[in-house]
file model.cif (mmCIF, C-alpha atoms)
data_data
#
loop_
_atom_site.label_atom_id
_atom_site.label_comp_id
_atom_site.auth_asym_id
_atom_site.auth_seq_id
_atom_site.Cartn_x
_atom_site.Cartn_y
_atom_site.Cartn_z
CA MET A 6 106.06 82.85 118.25
CA SER A 7 105.90 79.07 118.49
CA ARG A 8 104.22 77.12 115.73
CA LEU A 9 101.48 76.00 118.11
CA ARG A 10 100.69 79.58 119.15
CA PHE A 11 100.72 80.70 115.54
CA ALA A 12 98.36 77.88 114.51
CA LEU A 13 96.03 78.73 117.40
CA ALA A 14 96.00 82.41 116.44
CA VAL A 15 95.18 81.54 112.83
CA LEU A 16 92.35 79.24 113.93
CA LEU A 17 90.89 81.87 116.23
CA MET A 18 90.97 84.54 113.54
CA ALA A 19 89.39 82.16 111.03
CA ALA A 20 86.62 81.35 113.50
CA ALA A 21 85.78 85.02 114.08
CA PRO A 22 82.35 85.90 112.75
CA PRO A 23 82.32 87.95 109.56
CA VAL A 24 81.71 91.65 109.84
CA LEU A 25 78.15 92.54 108.95
CA ALA A 26 78.60 95.92 107.35
CA LYS A 27 75.54 97.97 108.28
CA GLY A 28 76.81 101.31 107.04
CA ASP A 29 77.17 103.06 103.69
CA ALA A 30 80.51 101.98 102.23
CA ALA A 31 80.66 104.93 99.78
CA ARG A 32 80.40 107.36 102.67
CA GLY A 33 82.95 105.32 104.59
CA GLU A 34 85.34 105.60 101.67
CA ARG A 35 84.90 109.38 101.73
CA ILE A 36 85.69 109.46 105.47
CA ALA A 37 88.82 107.39 104.89
CA ARG A 38 90.02 109.51 101.96
CA GLU A 39 89.42 112.81 103.81
CA ASN A 40 90.89 111.79 107.17
CA CYS A 41 93.25 108.89 106.70
CA ALA A 42 94.72 108.97 103.17
CA PRO A 43 97.61 111.33 104.02
CA CYS A 44 99.24 108.37 105.82
CA HIS A 45 97.31 105.19 104.95
CA ALA A 46 96.51 103.40 101.69
CA VAL A 47 92.72 103.55 102.02
CA GLY A 48 91.75 101.87 98.76
CA ARG A 49 91.96 98.45 97.14
CA SER A 50 95.53 99.03 95.92
CA GLY A 51 98.59 101.17 96.44
CA ALA A 52 101.13 101.75 99.17
CA SER A 53 100.60 103.85 102.27
CA PRO A 54 102.20 107.31 101.95
CA ASN A 55 103.69 106.66 105.39
CA PRO A 56 105.34 103.23 105.13
CA LYS A 57 104.72 102.63 108.85
CA ALA A 58 100.95 103.13 108.46
CA PRO A 59 99.04 99.91 107.70
CA ARG A 60 97.15 99.59 104.43
CA PHE A 61 93.43 99.63 105.21
CA ARG A 62 92.74 96.69 102.89
CA GLU A 63 94.87 94.52 105.22
CA LEU A 64 93.51 95.63 108.60
CA SER A 65 91.48 92.46 109.14
CA ARG A 66 94.76 90.50 109.10
CA ARG A 67 95.64 92.31 112.34
CA TYR A 68 92.28 92.94 114.00
CA PRO A 69 88.70 91.81 113.70
CA LEU A 70 87.12 94.89 112.08
CA GLN A 71 84.21 94.98 114.52
CA ASN A 72 86.78 95.51 117.30
CA LEU A 73 87.63 98.89 115.77
CA GLU A 74 84.19 100.35 116.62
CA GLU A 75 85.08 101.24 120.21
CA ALA A 76 88.50 102.63 119.30
CA LEU A 77 86.97 104.83 116.59
CA ALA A 78 84.31 106.10 119.01
CA GLU A 79 86.81 106.90 121.77
CA GLY A 80 89.48 108.32 119.50
CA ILE A 81 92.38 106.32 118.17
CA VAL A 82 95.76 107.50 119.41
CA VAL A 83 98.76 105.71 117.92
CA GLY A 84 102.10 106.57 116.45
CA HIS A 85 103.72 105.19 113.34
CA GLU A 86 107.30 105.77 114.54
CA THR A 87 107.95 108.77 112.31
CA ALA A 88 104.57 110.47 112.61
CA GLN A 89 101.95 110.67 115.32
CA MET A 90 98.45 109.88 114.13
CA PRO A 91 96.08 112.78 114.79
CA VAL A 92 93.37 112.12 117.35
CA PHE A 93 89.87 112.03 115.93
CA ARG A 94 86.55 110.62 117.02
CA LEU A 95 83.73 109.41 114.83
CA GLY A 96 80.01 109.24 115.52
CA VAL A 97 78.07 105.96 115.36
CA THR A 98 76.90 106.45 111.76
CA GLU A 99 80.39 107.47 110.62
CA ILE A 100 81.87 104.39 112.31
CA ASP A 101 79.33 102.12 110.62
CA ASN A 102 80.12 103.73 107.28
CA LEU A 103 83.89 103.44 107.70
CA ILE A 104 83.69 99.81 108.81
CA ALA A 105 81.41 99.05 105.83
CA TRP A 106 84.16 100.45 103.57
CA LEU A 107 86.88 98.52 105.38
CA ALA A 108 84.88 95.29 105.10
CA ARG A 109 84.41 95.83 101.38
CA ILE A 110 88.11 96.25 100.58
CA GLN A 111 89.74 93.55 102.72
CA THR A 112 92.16 91.20 101.00
CA ARG A 113 93.41 87.84 102.14
CA ALA A 114 97.04 87.22 102.98
CA ARG A 115 99.04 85.69 100.17
CA ARG A 116 100.52 82.32 100.89
#

call {"tool": "encode", "arguments": {"input": "model.cif", "output": "structure tokens"}}
result
Amino acid sequence: MSRLRFALAVLLMAAAPPVLAKGDAARGERIARENCAPCHAVGRSGASPNPKAPRFRELSRRYPLQNLEEALAEGIVVGHETAQMPVFRLGVTEIDNLIAWLARIQTRARR
């Protein structure tokens, strides 16, 4: 990626509006631990059990969190090279709760 493209991407991500977490983060944490923890690091620390699965505390480095709402409602289907992620769909309240948890645990990239 050229330096100009990289700089533009960083500026666009920095300009994205913050996520307004309207759900219950504690319930969102429970959803993450029950459904996602076998592969992902779902808390504020630790490595993902599957090294190809992104740590939840770093998701906002890749995607604006509010963009995950639609994917969670429709059912996320991705693979992590060695393991296929199971398909699951969440209801509106569950999505709000999970995104509230994700918003709470995000960390900034180290420079």

call {"tool": "resolve_selection", "arguments": {"input": "model.cif", "expression": "the PyMOL selection byres ((chain A and resi 36) around 12)", "output": "number ranges by chain"}}
result
A: 29-35, 37-42, 47-48, 93-96, 98-107

call {"tool": "resolve_selection", "arguments": {"input": "model.cif", "expression": "the PyMOL selection byres ((chain A and resi 61-75) around 8)", "output": "PyMOL selection string"}}
result
chain A and resi 18+21+24+45-50+59-60+76-79+100-101+104+107-108+110-114

call {"tool": "resolve_selection", "arguments": {"input": "model.cif", "expression": "the PyMOL selection byres ((chain A and resi 55) around 8)", "output": "list of chain:residue names"}}
result
A:Pro43, A:Cys44, A:His45, A:Ser53, A:Pro54, A:Pro56, A:Lys57, A:Ala58
